[in-house]
Amino acid sequence: MRVFITFLFTCCFFWTSGQEDFLALQYFNDGEFNKAVVFYEKLSNSNPRRLDYIEGLVACYQQLERYEDAEAFLEKKIKENNGAPNFIIDLGYTYSLQNKNEKAEAQYNKAIKFLSKNPNYGSRIGAKFLKYSLLTKAIIAYEKAMTLNPSLNYNYQLARIYGEQGNIEKMYVAYLTLLLEGKTSKSNVLRNIDAFITEEPTNANNLILKKVLLKNAQRNPDILWNDLLSWLFVKQKQYESAFRQEKAIFKRTEGTNTNRLIDLSDIAYNVGELDVAREIYYFILDETEDTTTRLDSELQLINIQLQQEDASTLDTIEKKYKELLQIHGIKNTTLRLQIAYAKFLTFKKNTPDPAIKILKDYLEIPLNREAVAYVKFALGEILVYNKKFNEALIYFSQIQRKFKNDVIGQNARFKVAQTSFYKGDFDWALTQLKVLRSSASQLIANDAMQLSLLISDNVLEDSTQIALKKYARADLLAYQNKTKEAVTILNDILENHKGEKIEDEALLKQGQFLEQLKQYEQAEFNYQKIIEFYAQGILADDAYYALGMLYENKLNKPQKAKEQFEKIIYNYQDSYYAPTARKHFRRLRGDAIN
């Protein structure tokens, strides 16, 4: 019985203590310091070694301006703990709150002097100074501790402080020292430095980092500095300069790995820096004997050539494809080659029948399930081009079932919806799109939303679906690279279906096609018409964004572009385009963009 009573008493004690702890913190966070202080006084008396209770009580005294109580309490704690430096700093800060700056300074210096006895207190003392935003004192404490005990390393804390102070060069040096000594990872350093770097090469912070890296490279020729310079040049979109650094790394590692070069070439290619990308791909071809790497580089060089195509170029490219097929053959390692050549024959040469045969023959060789899916996906796209919709739907549906939760499965489902749309089976297209609207892929979800709204709005309004069928035909023509014919079909909609819901969709789509035909003024007219007559419609933000990009990239009217992006930022905050519009707006305004 006695044991039970003791146990019950203990439980009650801990329950009561826990309640007081919770209430103290709750009142403190709510700013009710006069209530919190009552609990913290009780808690610190019953738990004299609990630092959180001591700090809570001191903070309450300071907030309530009960400075004498704070001083008396801290002096007692300092005496009890053999001059604990963290309490000395608390006492100093209590003096500073009363504008007793000399007394505060004396306490701070006393805490720093404590490091001479035990430099391992550097972490605790520095952290306490940081708590009170005494950055200079924290630096002194950390540096003194490191001097007294070289095995200590507070460069990470120092780097953060230098950054807060705006002492950018010292911050860079501290982070790079950590990296060089193996105390942290490159990704961690770059994540911290990234906040201070912009895309502008002449930005002061960028120039300082470049200077620090070059200085280190001269003193210590480590490939780390080439690596970091390459990273900086990529951030600044100076891909030629980044390539020079990557070449140096490649040579100094005796050409053991081309992965970094491939990554850089792909970045340059994706942002449209085709000349630099071409130069890197040729360098890779000169330097590697790896068959797969060589083939991938050859295919990327063809892609670059296709972006500057003319009739004679197409014949040259076809010859190149045939040479590559002869060299590499038909095997499971040449998946990209087979698909690229089939798409070239279809979308560039307008000869889908041989392309279909190539891919069907390729499916006869042993392939893993992922490779089969990619071939079937490409085959489905080519069959749609050839208007063999039912056969295309079979391939897309097979992928969709086998890769239900994979990106390729989601893409295949969208292709089922899109193909059904081209075919005029709008109900089945809507069924697929409803699933995709909650897709994990933002891009697929957005495309699904757009097509879903187009179909549902116009099916309800027009039971005959004449205008929607015309729109689907125009979309298919554009898919078949028959853009002029697509523009003509959309003109028919705009002339013969005025006032119908599909009008703004037709205007937007036609504007996009006109841009492809480089008829920029006509495209501008279409977007402006949407804004003028459909400002409350669901495509208004699309029109503003399209117009902004047109002004910025094609018509060289930056001020007008800025105005369009500003409209999205202030009037369409929930728009899919809002984050990108904000970035374009800030760049056009002259802000430094990270």
# chains A, B, ... in the order shown; residues from 1 in each chain; ligands from 1
>>> select_by_dssp(residues="range 48-108 of chain A", states="helix (DSSP H, G or I)", output="ChimeraX atom specification")
/A:51-63,67-80,85-97,101-108
>>> residues_around(residues="Lys117 in chain A", least_positions_apart="2", cutoff="12 Å", atoms="only C-alpha atoms", output="compact mmCIF listing (two decimals) with C-alpha atoms, in the first residue's frame")
# COMPACT_ATOMS: atom_id res chain seq x y z
CA GLY A 83 31.22 31.82 -12.67
CA ALA A 84 29.31 30.14 -15.52
CA PRO A 85 29.97 32.41 -18.55
CA LYS A 110 34.62 38.61 -18.36
CA ALA A 111 32.78 35.83 -20.24
CA ILE A 112 35.28 35.98 -23.13
CA LYS A 113 38.20 35.88 -20.67
CA PHE A 114 36.73 32.64 -19.30
CA LEU A 115 37.86 30.98 -22.55
CA PRO A 119 38.33 27.16 -24.66
CA ASN A 120 35.79 24.35 -25.05
CA TYR A 121 33.20 26.80 -23.72
CA GLY A 122 33.49 28.61 -27.07
CA LYS A 144 39.61 33.14 -29.50
CA ALA A 145 38.43 29.60 -28.72
CA LEU A 148 43.46 28.59 -27.96
CA ASN A 149 42.42 25.14 -29.15
>>> residues_around(residues="range 564-580 of chain A", least_positions_apart="2", cutoff="12 Å", atoms="only C-alpha atoms", output="compact mmCIF listing (two decimals) with all heavy atoms, in the first residue's frame")
# COMPACT_ATOMS: atom_id res chain seq x y z
N GLN A 442 3.00 18.51 -61.99
CA GLN A 442 2.31 19.79 -62.14
C GLN A 442 2.04 20.10 -63.61
O GLN A 442 0.97 20.62 -63.95
CB GLN A 442 3.16 20.91 -61.52
CG GLN A 442 2.52 22.30 -61.59
CD GLN A 442 1.21 22.38 -60.85
OE1 GLN A 442 1.09 21.93 -59.72
NE2 GLN A 442 0.19 22.94 -61.48
N LEU A 443 3.00 19.77 -64.46
CA LEU A 443 2.84 20.08 -65.88
C LEU A 443 1.71 19.26 -66.49
O LEU A 443 0.86 19.78 -67.21
CB LEU A 443 4.15 19.82 -66.64
CG LEU A 443 4.14 20.19 -68.13
CD1 LEU A 443 3.84 21.66 -68.32
CD2 LEU A 443 5.48 19.83 -68.77
N ALA A 445 -0.78 17.89 -64.85
CA ALA A 445 -2.03 18.34 -64.23
C ALA A 445 -2.54 19.62 -64.89
O ALA A 445 -3.74 19.77 -65.14
CB ALA A 445 -1.81 18.57 -62.73
N ASN A 446 -1.62 20.55 -65.20
CA ASN A 446 -2.02 21.81 -65.82
C ASN A 446 -2.56 21.57 -67.24
O ASN A 446 -3.59 22.12 -67.63
CB ASN A 446 -0.84 22.78 -65.86
CG ASN A 446 -1.25 24.16 -66.31
OD1 ASN A 446 -2.06 24.82 -65.67
ND2 ASN A 446 -0.72 24.62 -67.43
N ASP A 447 -1.85 20.74 -68.01
CA ASP A 447 -2.30 20.43 -69.38
C ASP A 447 -3.66 19.74 -69.34
O ASP A 447 -4.54 20.01 -70.17
CB ASP A 447 -1.28 19.53 -70.08
CG ASP A 447 0.00 20.27 -70.42
OD1 ASP A 447 -0.01 21.51 -70.40
OD2 ASP A 447 1.02 19.61 -70.70
N MET A 449 -5.94 20.01 -66.99
CA MET A 449 -6.94 21.00 -66.59
C MET A 449 -7.39 21.83 -67.79
O MET A 449 -8.59 22.04 -68.02
CB MET A 449 -6.35 21.91 -65.51
CG MET A 449 -7.24 23.06 -65.09
SD MET A 449 -8.64 22.51 -64.11
CE MET A 449 -7.85 22.24 -62.52
N GLN A 450 -6.41 22.29 -68.59
CA GLN A 450 -6.73 23.14 -69.74
C GLN A 450 -7.62 22.40 -70.73
O GLN A 450 -8.63 22.92 -71.20
CB GLN A 450 -5.43 23.57 -70.45
CG GLN A 450 -4.49 24.41 -69.60
CD GLN A 450 -4.83 25.89 -69.62
OE1 GLN A 450 -5.92 26.27 -70.02
NE2 GLN A 450 -3.89 26.72 -69.20
N TYR A 527 -3.80 37.95 -78.62
CA TYR A 527 -3.70 38.00 -77.15
C TYR A 527 -4.40 39.23 -76.60
O TYR A 527 -5.08 39.17 -75.56
CB TYR A 527 -2.24 37.97 -76.72
CG TYR A 527 -1.47 36.75 -77.18
CD1 TYR A 527 -0.14 36.84 -77.60
CD2 TYR A 527 -2.07 35.49 -77.22
CE1 TYR A 527 0.57 35.72 -78.03
CE2 TYR A 527 -1.37 34.36 -77.66
CZ TYR A 527 -0.06 34.49 -78.06
OH TYR A 527 0.63 33.38 -78.49
N GLN A 528 -4.23 40.35 -77.28
CA GLN A 528 -4.87 41.59 -76.82
C GLN A 528 -6.40 41.48 -76.88
O GLN A 528 -7.11 42.02 -76.04
CB GLN A 528 -4.40 42.77 -77.67
CG GLN A 528 -2.97 43.21 -77.35
CD GLN A 528 -2.46 44.27 -78.29
OE1 GLN A 528 -2.95 44.41 -79.42
NE2 GLN A 528 -1.47 45.03 -77.84
N ILE A 531 -7.65 39.67 -73.84
CA ILE A 531 -7.61 40.55 -72.68
C ILE A 531 -8.75 41.57 -72.73
O ILE A 531 -9.37 41.89 -71.72
CB ILE A 531 -6.23 41.26 -72.60
CG1 ILE A 531 -5.15 40.24 -72.23
CG2 ILE A 531 -6.25 42.40 -71.60
CD1 ILE A 531 -3.73 40.71 -72.47
N ALA A 535 -11.53 39.40 -70.23
CA ALA A 535 -10.70 39.71 -69.06
C ALA A 535 -11.11 38.92 -67.82
O ALA A 535 -10.29 38.67 -66.93
CB ALA A 535 -10.75 41.21 -68.76
N GLN A 536 -12.37 38.52 -67.75
CA GLN A 536 -12.86 37.75 -66.60
C GLN A 536 -12.83 36.24 -66.86
O GLN A 536 -13.23 35.46 -66.01
CB GLN A 536 -14.30 38.18 -66.24
CG GLN A 536 -14.48 39.67 -66.00
CD GLN A 536 -13.51 40.22 -64.97
OE1 GLN A 536 -13.31 39.62 -63.91
NE2 GLN A 536 -12.89 41.36 -65.28
N GLY A 537 -12.39 35.85 -68.03
CA GLY A 537 -12.38 34.44 -68.39
C GLY A 537 -11.18 33.70 -67.84
O GLY A 537 -10.23 34.30 -67.32
N ILE A 538 -11.21 32.37 -68.01
CA ILE A 538 -10.15 31.55 -67.42
C ILE A 538 -8.85 31.63 -68.20
O ILE A 538 -7.80 31.18 -67.72
CB ILE A 538 -10.58 30.07 -67.31
CG1 ILE A 538 -10.93 29.51 -68.70
CG2 ILE A 538 -11.74 29.91 -66.35
CD1 ILE A 538 -11.13 28.02 -68.72
N LEU A 539 -8.87 32.22 -69.40
CA LEU A 539 -7.65 32.30 -70.21
C LEU A 539 -6.98 33.67 -70.16
O LEU A 539 -6.00 33.89 -70.87
CB LEU A 539 -7.96 31.93 -71.67
CG LEU A 539 -8.42 30.50 -71.93
CD1 LEU A 539 -8.66 30.27 -73.41
CD2 LEU A 539 -7.39 29.50 -71.41
N ALA A 540 -7.51 34.56 -69.34
CA ALA A 540 -6.93 35.91 -69.30
C ALA A 540 -5.47 35.87 -68.85
O ALA A 540 -4.61 36.55 -69.44
CB ALA A 540 -7.75 36.79 -68.36
N ASP A 541 -5.16 35.07 -67.82
CA ASP A 541 -3.77 35.01 -67.36
C ASP A 541 -2.86 34.37 -68.41
O ASP A 541 -1.70 34.78 -68.58
CB ASP A 541 -3.66 34.26 -66.02
CG ASP A 541 -4.19 32.85 -66.09
OD1 ASP A 541 -5.14 32.61 -66.86
OD2 ASP A 541 -3.67 31.98 -65.35
N ASP A 542 -3.40 33.39 -69.16
CA ASP A 542 -2.63 32.79 -70.26
C ASP A 542 -2.28 33.85 -71.30
O ASP A 542 -1.15 33.89 -71.82
CB ASP A 542 -3.44 31.68 -70.95
CG ASP A 542 -3.72 30.51 -70.04
OD1 ASP A 542 -4.59 30.61 -69.17
OD2 ASP A 542 -3.05 29.48 -70.21
N ALA A 543 -3.27 34.71 -71.61
CA ALA A 543 -3.06 35.74 -72.63
C ALA A 543 -2.03 36.77 -72.15
O ALA A 543 -1.15 37.18 -72.92
CB ALA A 543 -4.38 36.42 -72.95
N TYR A 544 -2.14 37.19 -70.89
CA TYR A 544 -1.17 38.15 -70.36
C TYR A 544 0.24 37.57 -70.39
O TYR A 544 1.21 38.25 -70.75
CB TYR A 544 -1.53 38.53 -68.91
CG TYR A 544 -2.55 39.65 -68.80
CD1 TYR A 544 -3.79 39.43 -68.20
CD2 TYR A 544 -2.26 40.94 -69.29
CE1 TYR A 544 -4.71 40.46 -68.08
CE2 TYR A 544 -3.19 41.97 -69.17
CZ TYR A 544 -4.41 41.73 -68.57
OH TYR A 544 -5.31 42.74 -68.46
N TYR A 545 0.35 36.28 -69.99
CA TYR A 545 1.68 35.66 -69.96
C TYR A 545 2.24 35.52 -71.38
O TYR A 545 3.42 35.84 -71.61
CB TYR A 545 1.61 34.29 -69.28
CG TYR A 545 2.97 33.67 -69.10
CD1 TYR A 545 3.82 34.09 -68.08
CD2 TYR A 545 3.43 32.68 -69.96
CE1 TYR A 545 5.08 33.54 -67.91
CE2 TYR A 545 4.68 32.12 -69.81
CZ TYR A 545 5.50 32.55 -68.79
OH TYR A 545 6.75 32.01 -68.64
N ALA A 546 1.41 35.04 -72.30
CA ALA A 546 1.86 34.88 -73.69
C ALA A 546 2.29 36.22 -74.28
O ALA A 546 3.31 36.32 -74.98
CB ALA A 546 0.75 34.25 -74.52
N LEU A 547 1.52 37.26 -73.98
CA LEU A 547 1.83 38.60 -74.49
C LEU A 547 3.13 39.12 -73.87
O LEU A 547 3.98 39.70 -74.57
CB LEU A 547 0.67 39.54 -74.18
CG LEU A 547 0.63 40.89 -74.91
CD1 LEU A 547 0.69 40.72 -76.42
CD2 LEU A 547 -0.62 41.66 -74.52
N GLY A 548 3.31 38.88 -72.57
CA GLY A 548 4.54 39.31 -71.90
C GLY A 548 5.76 38.64 -72.50
O GLY A 548 6.78 39.29 -72.78
N MET A 549 5.68 37.33 -72.74
CA MET A 549 6.80 36.60 -73.33
C MET A 549 7.06 37.06 -74.77
O MET A 549 8.22 37.14 -75.20
CB MET A 549 6.51 35.10 -73.31
CG MET A 549 6.42 34.50 -71.90
SD MET A 549 7.96 34.65 -70.95
CE MET A 549 8.96 33.42 -71.77
N LEU A 550 5.99 37.36 -75.49
CA LEU A 550 6.13 37.84 -76.87
C LEU A 550 6.85 39.18 -76.90
O LEU A 550 7.77 39.39 -77.69
CB LEU A 550 4.74 37.97 -77.51
CG LEU A 550 4.68 38.40 -78.98
CD1 LEU A 550 5.33 37.36 -79.88
CD2 LEU A 550 3.23 38.65 -79.41
N TYR A 551 6.45 40.09 -76.02
CA TYR A 551 7.10 41.41 -75.95
C TYR A 551 8.57 41.28 -75.52
O TYR A 551 9.45 41.96 -76.05
CB TYR A 551 6.37 42.32 -74.96
CG TYR A 551 5.07 42.89 -75.46
CD1 TYR A 551 3.95 42.99 -74.62
CD2 TYR A 551 4.95 43.36 -76.77
CE1 TYR A 551 2.75 43.52 -75.07
CE2 TYR A 551 3.74 43.90 -77.23
CZ TYR A 551 2.65 43.97 -76.38
OH TYR A 551 1.47 44.51 -76.82
N GLU A 552 8.83 40.38 -74.56
CA GLU A 552 10.19 40.27 -74.03
C GLU A 552 11.13 39.59 -75.03
O GLU A 552 12.25 40.05 -75.24
CB GLU A 552 10.17 39.47 -72.72
CG GLU A 552 11.55 39.37 -72.07
CD GLU A 552 11.55 38.61 -70.76
OE1 GLU A 552 10.49 38.06 -70.37
OE2 GLU A 552 12.61 38.55 -70.12
N LYS A 557 10.16 44.66 -76.54
CA LYS A 557 9.45 45.74 -75.85
C LYS A 557 9.42 45.42 -74.36
O LYS A 557 8.40 45.00 -73.82
CB LYS A 557 8.03 45.88 -76.40
CG LYS A 557 7.98 46.32 -77.87
CD LYS A 557 6.54 46.44 -78.37
CE LYS A 557 6.50 46.90 -79.83
NZ LYS A 557 5.11 46.97 -80.35
N PRO A 558 10.56 45.59 -73.68
CA PRO A 558 10.66 45.15 -72.28
C PRO A 558 9.67 45.84 -71.34
O PRO A 558 9.16 45.23 -70.41
CB PRO A 558 12.11 45.48 -71.90
CG PRO A 558 12.59 46.45 -72.94
CD PRO A 558 11.83 46.15 -74.18
N GLN A 559 9.41 47.14 -71.58
CA GLN A 559 8.49 47.86 -70.71
C GLN A 559 7.08 47.27 -70.81
O GLN A 559 6.40 47.06 -69.80
CB GLN A 559 8.47 49.36 -71.07
CG GLN A 559 7.58 50.22 -70.17
CD GLN A 559 7.91 50.11 -68.70
OE1 GLN A 559 9.09 50.00 -68.31
NE2 GLN A 559 6.89 50.13 -67.85
N LYS A 560 6.66 47.00 -72.04
CA LYS A 560 5.33 46.40 -72.24
C LYS A 560 5.28 44.98 -71.65
O LYS A 560 4.26 44.57 -71.10
CB LYS A 560 4.99 46.36 -73.73
CG LYS A 560 4.53 47.71 -74.28
CD LYS A 560 3.82 47.53 -75.61
CE LYS A 560 3.11 48.80 -76.01
NZ LYS A 560 2.27 48.62 -77.21
N ALA A 561 6.39 44.26 -71.78
CA ALA A 561 6.45 42.91 -71.20
C ALA A 561 6.27 42.99 -69.69
O ALA A 561 5.50 42.22 -69.09
CB ALA A 561 7.78 42.26 -71.54
N LYS A 562 6.97 43.94 -69.07
CA LYS A 562 6.89 44.10 -67.61
C LYS A 562 5.45 44.38 -67.16
O LYS A 562 4.98 43.86 -66.15
CB LYS A 562 7.83 45.25 -67.18
CG LYS A 562 7.89 45.47 -65.67
CD LYS A 562 9.17 46.20 -65.28
CE LYS A 562 9.15 47.64 -65.73
NZ LYS A 562 8.42 48.52 -64.81
N ARG A 582 6.48 36.52 -61.91
CA ARG A 582 7.17 37.34 -60.90
C ARG A 582 8.66 37.41 -61.19
O ARG A 582 9.28 38.48 -61.08
CB ARG A 582 6.91 36.74 -59.51
CG ARG A 582 7.38 37.63 -58.36
CD ARG A 582 6.95 37.07 -57.01
NE ARG A 582 5.51 37.15 -56.84
CZ ARG A 582 4.68 36.11 -56.88
NH1 ARG A 582 5.15 34.90 -57.09
NH2 ARG A 582 3.39 36.27 -56.72
N LYS A 583 9.22 36.29 -61.60
CA LYS A 583 10.66 36.26 -61.90
C LYS A 583 10.98 37.14 -63.11
O LYS A 583 11.95 37.92 -63.10
CB LYS A 583 11.09 34.81 -62.17
CG LYS A 583 12.59 34.62 -62.25
CD LYS A 583 12.96 33.15 -62.29
CE LYS A 583 14.48 32.98 -62.34
NZ LYS A 583 14.88 31.56 -62.38
N HIS A 584 10.16 37.04 -64.16
CA HIS A 584 10.37 37.87 -65.36
C HIS A 584 10.21 39.35 -65.02
O HIS A 584 10.98 40.19 -65.47
CB HIS A 584 9.38 37.48 -66.45
CG HIS A 584 9.75 36.23 -67.18
ND1 HIS A 584 10.70 36.19 -68.17
CD2 HIS A 584 9.30 34.95 -67.05
CE1 HIS A 584 10.82 34.96 -68.63
NE2 HIS A 584 9.99 34.18 -67.95
N PHE A 585 9.20 39.67 -64.21
CA PHE A 585 8.94 41.06 -63.82
C PHE A 585 10.14 41.64 -63.09
O PHE A 585 10.58 42.76 -63.38
CB PHE A 585 7.69 41.13 -62.95
CG PHE A 585 7.40 42.50 -62.39
CD1 PHE A 585 6.84 43.48 -63.18
CD2 PHE A 585 7.73 42.80 -61.07
CE1 PHE A 585 6.59 44.75 -62.67
CE2 PHE A 585 7.49 44.06 -60.55
CZ PHE A 585 6.91 45.05 -61.35
N ARG A 586 10.66 40.90 -62.13
CA ARG A 586 11.79 41.39 -61.34
C ARG A 586 13.03 41.59 -62.21
O ARG A 586 13.77 42.56 -62.04
CB ARG A 586 12.09 40.43 -60.19
CG ARG A 586 11.01 40.42 -59.11
CD ARG A 586 11.35 39.45 -58.00
NE ARG A 586 12.60 39.81 -57.37
CZ ARG A 586 13.40 38.96 -56.75
NH1 ARG A 586 13.08 37.68 -56.70
NH2 ARG A 586 14.53 39.37 -56.20
N ARG A 587 13.24 40.65 -63.14
CA ARG A 587 14.40 40.79 -64.04
C ARG A 587 14.25 42.04 -64.90
O ARG A 587 15.21 42.81 -65.06
CB ARG A 587 14.53 39.56 -64.92
CG ARG A 587 15.79 39.62 -65.82
CD ARG A 587 15.85 38.51 -66.82
NE ARG A 587 16.07 37.22 -66.21
CZ ARG A 587 15.19 36.22 -66.18
NH1 ARG A 587 14.01 36.38 -66.76
NH2 ARG A 587 15.47 35.08 -65.61
N LEU A 588 13.08 42.26 -65.44
CA LEU A 588 12.85 43.42 -66.31
C LEU A 588 12.92 44.73 -65.53
O LEU A 588 13.26 45.77 -66.07
CB LEU A 588 11.48 43.30 -67.01
CG LEU A 588 11.40 42.20 -68.08
CD1 LEU A 588 9.96 41.90 -68.44
CD2 LEU A 588 12.20 42.59 -69.33
N ARG A 589 12.60 44.65 -64.24
CA ARG A 589 12.67 45.85 -63.39
C ARG A 589 14.12 46.15 -63.00
O ARG A 589 14.44 47.24 -62.52
CB ARG A 589 11.81 45.63 -62.14
CG ARG A 589 11.58 46.90 -61.33
CD ARG A 589 10.59 46.66 -60.22
NE ARG A 589 11.05 45.65 -59.27
CZ ARG A 589 10.35 45.27 -58.21
NH1 ARG A 589 9.15 45.77 -57.98
NH2 ARG A 589 10.83 44.34 -57.39
>>> closest_atom_pairs(of="range 440-496 of chain A", to="range 329-349 of chain A", cutoff="10 Å", atoms="only C-alpha atoms", output="JSON lines")
{"residue": "A:Tyr479", "atom": "CA", "partner": "A:Phe347", "partner_atom": "CA", "distance": 8.7}
{"residue": "A:Gln480", "atom": "CA", "partner": "A:Phe347", "partner_atom": "CA", "distance": 6.8}
{"residue": "A:Asn481", "atom": "CA", "partner": "A:Phe347", "partner_atom": "CA", "distance": 7.1}
>>> residues_around(residues="Phe39 in chain A", least_positions_apart="5", cutoff="9 Å", atoms="only C-alpha atoms", output="ChimeraX atom specification")
/A:20-21,23-24,44,57
>>> write_last_selection(atoms="C-alpha atoms", output="PDB file, in the first residue's frame")
ATOM      1  CA  GLU A  20       3.322  24.098 -15.015  1.00  0.00           C
ATOM      2  CA  ASP A  21       5.992  23.666 -17.690  1.00  0.00           C
ATOM      3  CA  LEU A  23       1.534  26.798 -18.939  1.00  0.00           C
ATOM      4  CA  ALA A  24       4.791  28.716 -18.423  1.00  0.00           C
ATOM      5  CA  SER A  44      13.456  27.094 -11.350  1.00  0.00           C
ATOM      6  CA  LEU A  57      12.723  33.217 -15.783  1.00  0.00           C
TER       7      LEU A  57
END
>>> atom_distance(atom1="CA of Gln157 in chain A", atom2="CA of Gln98 in chain A")
28.9 Å
>>> atom_distance(atom1="CA of Arg244 in chain A", atom2="CA of Val276 in chain A")
10.9 Å
>>> atom_distance(atom1="CA of Gln307 in chain A", atom2="CA of Tyr282 in chain A")
17.2 Å
>>> residues_around(residues="range 376-378 of chain A", least_positions_apart="6", cutoff="8 Å", atoms="only C-alpha atoms", output="number ranges by chain")
A: 339, 343, 359, 395-396, 399, 412
